[in-house]
>>> print(open('structure35.pdb').read())   # PDB, C-alpha atoms, pLDDT in the B column
ATOM      1  CA  MET A 541       0.000   0.000   0.000  1.00 69.00           C
ATOM      2  CA  ARG A 542       2.781   2.431   0.953  1.00 83.00           C
ATOM      3  CA  LYS A 543       4.721   1.633  -2.230  1.00 86.00           C
ATOM      4  CA  GLN A 544       1.625   2.338  -4.307  1.00 89.00           C
ATOM      5  CA  MET A 545       1.125   5.701  -2.616  1.00 89.00           C
ATOM      6  CA  ILE A 546       4.763   6.701  -3.150  1.00 91.00           C
ATOM      7  CA  ARG A 547       4.647   5.521  -6.763  1.00 92.00           C
ATOM      8  CA  ALA A 548       1.476   7.567  -7.293  1.00 92.00           C
ATOM      9  CA  GLN A 549       3.178  10.641  -5.810  1.00 93.00           C
ATOM     10  CA  LEU A 550       6.145  10.108  -8.112  1.00 95.00           C
ATOM     11  CA  ASN A 551       3.799   9.925 -11.097  1.00 94.00           C
ATOM     12  CA  VAL A 552       1.976  13.100 -10.085  1.00 94.00           C
ATOM     13  CA  ALA A 553       5.201  14.997  -9.389  1.00 95.00           C
ATOM     14  CA  GLY A 554       6.729  13.694 -12.627  1.00 96.00           C
ATOM     15  CA  SER A 555       3.739  14.877 -14.663  1.00 96.00           C
ATOM     16  CA  TYR A 556       3.865  18.335 -13.175  1.00 97.00           C
ATOM     17  CA  LEU A 557       7.643  18.568 -13.492  1.00 97.00           C
ATOM     18  CA  THR A 558       7.417  17.598 -17.160  1.00 97.00           C
ATOM     19  CA  LEU A 559       4.931  20.410 -17.754  1.00 97.00           C
ATOM     20  CA  ILE A 560       7.018  22.861 -15.719  1.00 97.00           C
ATOM     21  CA  VAL A 561      10.236  22.006 -17.569  1.00 98.00           C
ATOM     22  CA  GLU A 562       8.505  22.358 -20.943  1.00 98.00           C
ATOM     23  CA  GLN A 563       7.200  25.802 -20.000  1.00 98.00           C
ATOM     24  CA  LEU A 564      10.561  26.920 -18.610  1.00 98.00           C
ATOM     25  CA  ASP A 565      12.432  25.610 -21.662  1.00 97.00           C
ATOM     26  CA  ALA A 566      10.050  27.346 -24.062  1.00 97.00           C
ATOM     27  CA  TYR A 567      10.394  30.631 -22.231  1.00 97.00           C
ATOM     28  CA  LEU A 568      14.166  30.474 -21.873  1.00 96.00           C
ATOM     29  CA  ASP A 569      14.586  29.425 -25.517  1.00 95.00           C
ATOM     30  CA  TYR A 570      12.764  32.506 -26.797  1.00 93.00           C
ATOM     31  CA  HIS A 571      13.539  35.197 -24.235  1.00 92.00           C
ATOM     32  CA  GLN A 572      16.852  36.823 -23.621  1.00 91.00           C
ATOM     33  CA  LEU A 573      17.909  39.837 -21.616  1.00 91.00           C
ATOM     34  CA  ASP A 574      17.592  42.292 -24.501  1.00 86.00           C
ATOM     35  CA  SER A 575      14.074  41.157 -25.381  1.00 87.00           C
ATOM     36  CA  LEU A 576      12.970  41.511 -21.759  1.00 86.00           C
ATOM     37  CA  MET A 577      14.426  45.014 -21.624  1.00 86.00           C
ATOM     38  CA  GLU A 578      12.581  45.990 -24.813  1.00 85.00           C
ATOM     39  CA  GLU A 579       9.343  44.369 -23.695  1.00 82.00           C
ATOM     40  CA  GLN A 580       9.100  46.363 -20.501  1.00 73.00           C
ATOM     41  CA  GLY A 581      11.065  49.426 -21.557  1.00 72.00           C
ATOM     42  CA  SER A 582      12.843  49.217 -18.227  1.00 69.00           C
ATOM     43  CA  LYS A 583      16.330  50.078 -17.108  1.00 74.00           C
ATOM     44  CA  GLU A 584      16.461  47.277 -14.532  1.00 83.00           C
ATOM     45  CA  LYS A 585      19.023  45.269 -16.495  1.00 87.00           C
ATOM     46  CA  ARG A 586      20.659  43.820 -13.389  1.00 91.00           C
ATOM     47  CA  TYR A 587      17.304  42.728 -11.974  1.00 92.00           C
ATOM     48  CA  TYR A 588      16.180  41.165 -15.272  1.00 93.00           C
ATOM     49  CA  ARG A 589      19.479  39.291 -15.509  1.00 93.00           C
ATOM     50  CA  SER A 590      18.795  37.950 -12.018  1.00 95.00           C
ATOM     51  CA  LEU A 591      15.260  36.887 -13.027  1.00 95.00           C
ATOM     52  CA  LEU A 592      16.615  34.867 -15.950  1.00 96.00           C
ATOM     53  CA  LYS A 593      19.364  33.344 -13.817  1.00 96.00           C
ATOM     54  CA  SER A 594      16.801  32.219 -11.240  1.00 96.00           C
ATOM     55  CA  LEU A 595      14.666  30.674 -13.981  1.00 97.00           C
ATOM     56  CA  ARG A 596      17.655  28.771 -15.368  1.00 97.00           C
ATOM     57  CA  ARG A 597      18.509  27.450 -11.909  1.00 97.00           C
ATOM     58  CA  LEU A 598      14.894  26.397 -11.366  1.00 97.00           C
ATOM     59  CA  GLU A 599      14.838  24.664 -14.755  1.00 98.00           C
ATOM     60  CA  VAL A 600      17.963  22.652 -13.898  1.00 97.00           C
ATOM     61  CA  PHE A 601      16.549  21.514 -10.541  1.00 97.00           C
ATOM     62  CA  CYS A 602      13.219  20.532 -12.088  1.00 98.00           C
ATOM     63  CA  ASP A 603      14.781  18.760 -15.061  1.00 98.00           C
ATOM     64  CA  GLU A 604      17.095  16.736 -12.817  1.00 97.00           C
ATOM     65  CA  ALA A 605      14.192  15.818 -10.539  1.00 97.00           C
ATOM     66  CA  LYS A 606      12.092  14.778 -13.539  1.00 97.00           C
ATOM     67  CA  ASP A 607      14.925  12.546 -14.753  1.00 97.00           C
ATOM     68  CA  ALA A 608      15.369  11.023 -11.282  1.00 96.00           C
ATOM     69  CA  ILE A 609      11.662  10.186 -11.163  1.00 96.00           C
ATOM     70  CA  ALA A 610      11.838   8.544 -14.589  1.00 96.00           C
ATOM     71  CA  VAL A 611      14.761   6.361 -13.458  1.00 95.00           C
ATOM     72  CA  LEU A 612      12.946   5.321 -10.267  1.00 95.00           C
ATOM     73  CA  LEU A 613       9.734   4.472 -12.096  1.00 93.00           C
ATOM     74  CA  GLN A 614      11.553   2.451 -14.769  1.00 92.00           C
ATOM     75  CA  SER A 615      13.772   0.462 -12.431  1.00 88.00           C
ATOM     76  CA  GLU A 616      12.866  -3.188 -11.921  1.00 86.00           C
ATOM     77  CA  GLY A 617      12.687  -3.236  -8.154  1.00 88.00           C
ATOM     78  CA  PHE A 618      10.915  -0.208  -6.741  1.00 86.00           C
ATOM     79  CA  LYS A 619      13.194   1.456  -4.198  1.00 90.00           C
ATOM     80  CA  THR A 620      10.929   3.066  -1.640  1.00 89.00           C
ATOM     81  CA  ALA A 621      13.676   4.809   0.318  1.00 90.00           C
ATOM     82  CA  ALA A 622      15.214   6.293  -2.842  1.00 92.00           C
ATOM     83  CA  ALA A 623      11.780   7.419  -4.007  1.00 93.00           C
ATOM     84  CA  GLU A 624      11.114   9.143  -0.692  1.00 91.00           C
ATOM     85  CA  ARG A 625      14.506  10.863  -0.795  1.00 92.00           C
ATOM     86  CA  THR A 626      13.751  12.047  -4.316  1.00 94.00           C
ATOM     87  CA  LEU A 627      10.348  13.411  -3.312  1.00 93.00           C
ATOM     88  CA  TYR A 628      11.922  15.094  -0.302  1.00 92.00           C
ATOM     89  CA  GLY A 629      14.551  16.626  -2.602  1.00 92.00           C
ATOM     90  CA  ILE A 630      11.886  17.884  -4.988  1.00 95.00           C
ATOM     91  CA  TYR A 631      10.131  19.589  -2.104  1.00 92.00           C
ATOM     92  CA  HIS A 632      13.306  21.212  -0.812  1.00 90.00           C
ATOM     93  CA  GLN A 633      14.941  22.117  -4.102  1.00 93.00           C
ATOM     94  CA  CYS A 634      12.313  22.638  -6.779  1.00 95.00           C
ATOM     95  CA  ILE A 635       9.423  23.899  -4.685  1.00 94.00           C
ATOM     96  CA  ALA A 636      11.632  25.980  -2.394  1.00 92.00           C
ATOM     97  CA  GLU A 637      13.498  27.477  -5.349  1.00 95.00           C
ATOM     98  CA  PHE A 638      10.244  28.513  -6.995  1.00 96.00           C
ATOM     99  CA  PHE A 639       8.731  30.193  -3.949  1.00 94.00           C
ATOM    100  CA  ALA A 640      11.963  31.579  -2.490  1.00 93.00           C
ATOM    101  CA  PRO A 641      14.805  31.592  -5.018  1.00 94.00           C
ATOM    102  CA  LYS A 642      18.370  31.661  -3.763  1.00 92.00           C
ATOM    103  CA  SER A 643      19.003  35.032  -5.380  1.00 90.00           C
ATOM    104  CA  ASP A 644      15.879  36.504  -3.736  1.00 92.00           C
ATOM    105  CA  THR A 645      14.684  37.954  -7.053  1.00 93.00           C
ATOM    106  CA  TRP A 646      11.077  37.332  -6.042  1.00 94.00           C
ATOM    107  CA  TYR A 647       9.360  36.067  -2.932  1.00 93.00           C
ATOM    108  CA  GLU A 648       6.176  34.428  -1.759  1.00 92.00           C
ATOM    109  CA  ASP A 649       3.349  36.361  -0.166  1.00 87.00           C
ATOM    110  CA  SER A 650       2.185  33.974   2.536  1.00 78.00           C
ATOM    111  CA  ARG A 651      -1.205  35.713   2.685  1.00 73.00           C
ATOM    112  CA  ALA A 652      -1.929  35.022  -0.986  1.00 70.00           C
ATOM    113  CA  ALA A 653      -3.701  31.769  -0.146  1.00 62.00           C
ATOM    114  CA  TYR A 654      -6.375  33.818   1.613  1.00 65.00           C
ATOM    115  CA  THR A 655      -6.723  36.472  -1.061  1.00 68.00           C
ATOM    116  CA  GLY A 656      -6.798  34.219  -4.127  1.00 66.00           C
ATOM    117  CA  GLU A 657      -4.105  36.336  -5.796  1.00 75.00           C
ATOM    118  CA  SER A 658      -0.705  35.308  -7.067  1.00 84.00           C
ATOM    119  CA  ALA A 659       1.652  34.293  -4.282  1.00 88.00           C
ATOM    120  CA  ILE A 660       4.707  35.638  -6.100  1.00 94.00           C
ATOM    121  CA  LEU A 661       5.770  39.216  -5.443  1.00 92.00           C
ATOM    122  CA  TYR A 662       8.649  41.045  -7.113  1.00 93.00           C
ATOM    123  CA  HIS A 663      11.110  43.673  -5.963  1.00 90.00           C
ATOM    124  CA  TYR A 664      10.711  45.524  -9.282  1.00 90.00           C
ATOM    125  CA  GLU A 665       8.109  45.219 -11.993  1.00 90.00           C
ATOM    126  CA  PRO A 666       9.038  42.245 -14.208  1.00 92.00           C
ATOM    127  CA  PRO A 667       8.277  42.015 -17.927  1.00 92.00           C
ATOM    128  CA  HIS A 668       4.721  40.909 -18.746  1.00 93.00           C
ATOM    129  CA  SER A 669       5.901  37.679 -20.365  1.00 95.00           C
ATOM    130  CA  PHE A 670       7.834  36.770 -17.216  1.00 95.00           C
ATOM    131  CA  LYS A 671       4.892  37.539 -14.959  1.00 94.00           C
ATOM    132  CA  ASN A 672       2.592  35.440 -17.170  1.00 95.00           C
ATOM    133  CA  LEU A 673       5.023  32.517 -17.074  1.00 97.00           C
ATOM    134  CA  MET A 674       5.211  32.683 -13.287  1.00 96.00           C
ATOM    135  CA  LEU A 675       1.420  32.709 -13.035  1.00 94.00           C
ATOM    136  CA  LYS A 676       1.239  29.561 -15.176  1.00 95.00           C
ATOM    137  CA  LEU A 677       3.980  27.856 -13.189  1.00 96.00           C
ATOM    138  CA  GLU A 678       2.552  28.827  -9.821  1.00 94.00           C
ATOM    139  CA  SER A 679      -0.496  26.586 -10.054  1.00 91.00           C
ATOM    140  CA  SER A 680       1.667  23.569 -10.920  1.00 94.00           C
ATOM    141  CA  PHE A 681       4.087  24.301  -8.099  1.00 94.00           C
ATOM    142  CA  GLN A 682       1.221  24.791  -5.651  1.00 91.00           C
ATOM    143  CA  LYS A 683      -0.209  21.403  -6.587  1.00 92.00           C
ATOM    144  CA  VAL A 684       3.148  19.627  -6.290  1.00 93.00           C
ATOM    145  CA  ARG A 685       3.761  21.350  -2.955  1.00 91.00           C
ATOM    146  CA  GLN A 686       0.390  20.179  -1.637  1.00 89.00           C
ATOM    147  CA  GLU A 687       1.084  16.658  -2.864  1.00 88.00           C
ATOM    148  CA  LEU A 688       4.519  16.534  -1.227  1.00 87.00           C
ATOM    149  CA  GLU A 689       3.910  18.488   1.984  1.00 83.00           C
ATOM    150  CA  CYS A 690       3.776  15.219   3.889  1.00 77.00           C
ATOM    151  CA  TYR A 691       7.479  14.706   3.130  1.00 67.00           C
ATOM    152  CA  GLU A 692       8.315  18.027   4.707  1.00 65.00           C
ATOM    153  CA  THR A 693       6.503  17.128   7.923  1.00 60.00           C
ATOM    154  CA  ASN A 694       7.513  13.464   7.999  1.00 50.00           C
ATOM    155  CA  ASN A 695      11.167  14.136   7.301  1.00 47.00           C
ATOM    156  CA  GLN A 696      11.341  16.897   9.904  1.00 45.00           C
ATOM    157  CA  SER A 697       9.905  14.500  12.459  1.00 39.00           C
ATOM    158  CA  LYS A 698      12.287  11.729  11.375  1.00 47.00           C
ATOM    159  CA  ALA A 699      15.269  14.066  11.535  1.00 44.00           C
ATOM    160  CA  ALA A 700      14.283  15.233  15.003  1.00 37.00           C
ATOM    161  CA  LEU A 701      13.890  11.632  16.185  1.00 34.00           C
ATOM    162  CA  GLU A 702      17.202  10.574  14.643  1.00 44.00           C
ATOM    163  CA  GLY A 703      18.908  13.577  16.208  1.00 41.00           C
ATOM    164  CA  ASN A 704      17.550  12.587  19.618  1.00 38.00           C
ATOM    165  CA  LYS A 705      18.749   9.008  19.160  1.00 40.00           C
ATOM    166  CA  LYS A 706      22.267  10.169  18.250  1.00 43.00           C
ATOM    167  CA  GLU A 707      22.492  12.508  21.223  1.00 42.00           C
ATOM    168  CA  GLY A 708      21.452   9.788  23.611  1.00 43.00           C
ATOM    169  CA  PRO A 709      19.870  10.376  26.998  1.00 42.00           C
ATOM    170  CA  ALA A 710      20.312  13.760  28.590  1.00 42.00           C
ATOM    171  CA  SER A 711      22.994  13.919  31.262  1.00 34.00           C
TER     172      SER A 711
END
>>> encode(input="structure35.pdb", output="structure tokens")
Amino acid sequence: MRKQMIRAQLNVAGSYLTLIVEQLDAYLDYHQLDSLMEEQGSKEKRYYRSLLKSLRRLEVFCDEAKDAIAVLLQSEGFKTAAAERTLYGIYHQCIAEFFAPKSDTWYEDSRAAYTGESAILYHYEPPHSFKNLMLKLESSFQKVRQELECYETNNQSKAALEGNKKEGPAS
């Protein structure tokens, strides 16, 4: 039963990651810094460069995760522990990078869930094409995050328990 649930989560995450990677690839293939500058008529070249860099980083994480899922699903013996580690990694790399990128080029509005608006806020106004891409991606990332939230909670609990075991009884 547990294997079936994990396999189902891999399939769901893999489907969404495939869609996400396709959208990121299409955008990055046809948009470059100069076109973003022209589109918005902005002088925020440094910020736009950072937006594209964050997208490239996100694309790499998602593409690698998608490939890892494909390998797990195609392997003869289903490796539950490896699958769980992969799902945990997706949550902490792909999802985290979307909602809070390393370069801090955008950030998540935690109140957005209550307002029904986009959860992604920007430090400067991004080009329209970029904003539209992020809106499309957001729903997929929200769904994957909801699907994999149990790994965040379960792995935090496991880590806390393992940490207590290693420390031993209090002196």
>>> closest_residue(input="structure35.pdb", among="A:Ser575, A:Thr645, A:Thr558, A:Gln614", to="A:Phe601", atoms="all atoms listed in the file")
A:Thr558
>>> axis_aligned_box(input="structure35.pdb", around="stretch 601-615 of chain A", padding_each_side="4 Å", output="lines of an AutoDock Vina configuration file")
center_x = 13.4
center_y = 11.0
center_z = -12.7
size_x = 15.4
size_y = 29.1
size_z = 12.8
>>> residues_around(input="structure35.pdb", residues="A:Val684", least_positions_apart="4", cutoff="8 Å", atoms="all atoms listed in the file", output="MDAnalysis selection string")
chainID A and resid 552:553 556 635 680 688
>>> closest_atom_pairs(input="structure35.pdb", of="stretch 570-668 of chain A", to="stretch 541-545 of chain A", cutoff="12 Å", atoms="all atoms listed in the file", output="Markdown table")
| residue | atom | partner | partner_atom | distance |
| --- | --- | --- | --- | --- |
| A:Leu613 | CA | A:Lys543 | CA | 11.4 |
| A:Gly617 | CA | A:Lys543 | CA | 11.1 |
| A:Phe618 | CA | A:Lys543 | CA | 7.9 |
| A:Lys619 | CA | A:Lys543 | CA | 8.7 |
| A:Thr620 | CA | A:Lys543 | CA | 6.4 |
| A:Ala621 | CA | A:Lys543 | CA | 9.8 |
| A:Ala622 | CA | A:Lys543 | CA | 11.5 |
| A:Ala623 | CA | A:Lys543 | CA | 9.3 |
| A:Glu624 | CA | A:Lys543 | CA | 10.0 |
>>> closest_residue(input="structure35.pdb", among="A:Arg625, A:Lys642, A:Arg589, A:Arg651", to="A:Pro667", atoms="only C-alpha atoms")
A:Arg589
>>> resolve_selection(input="structure35.pdb", expression="the PyMOL selection byres ((chain A and resi 597) around 12)", output="short mmCIF file (atom, residue, chain, number, x, y, z; two decimals) with C-alpha atoms, in the frame of the given file")
data_model
loop_
_atom_site.label_atom_id
_atom_site.label_comp_id
_atom_site.auth_asym_id
_atom_site.auth_seq_id
_atom_site.Cartn_x
_atom_site.Cartn_y
_atom_site.Cartn_z
CA VAL A 561 10.24 22.01 -17.57
CA LEU A 564 10.56 26.92 -18.61
CA ASP A 565 12.43 25.61 -21.66
CA LEU A 568 14.17 30.47 -21.87
CA SER A 590 18.80 37.95 -12.02
CA LEU A 591 15.26 36.89 -13.03
CA LEU A 592 16.61 34.87 -15.95
CA LYS A 593 19.36 33.34 -13.82
CA SER A 594 16.80 32.22 -11.24
CA LEU A 595 14.67 30.67 -13.98
CA ARG A 596 17.66 28.77 -15.37
CA LEU A 598 14.89 26.40 -11.37
CA GLU A 599 14.84 24.66 -14.76
CA VAL A 600 17.96 22.65 -13.90
CA PHE A 601 16.55 21.51 -10.54
CA CYS A 602 13.22 20.53 -12.09
CA ASP A 603 14.78 18.76 -15.06
CA GLU A 604 17.10 16.74 -12.82
CA GLN A 633 14.94 22.12 -4.10
CA CYS A 634 12.31 22.64 -6.78
CA ALA A 636 11.63 25.98 -2.39
CA GLU A 637 13.50 27.48 -5.35
CA PHE A 638 10.24 28.51 -7.00
CA PRO A 641 14.80 31.59 -5.02
CA LYS A 642 18.37 31.66 -3.76
CA SER A 643 19.00 35.03 -5.38
#
>>> closest_residue(input="structure35.pdb", among="A:His663, A:Arg547, A:Lys583, A:Lys606", to="A:Ile630", atoms="all atoms listed in the file")
A:Lys606
>>> closest_residue(input="structure35.pdb", among="A:Met674, A:Ala548, A:Cys690, A:Ala610", to="A:Ile560", atoms="only C-alpha atoms")
A:Met674
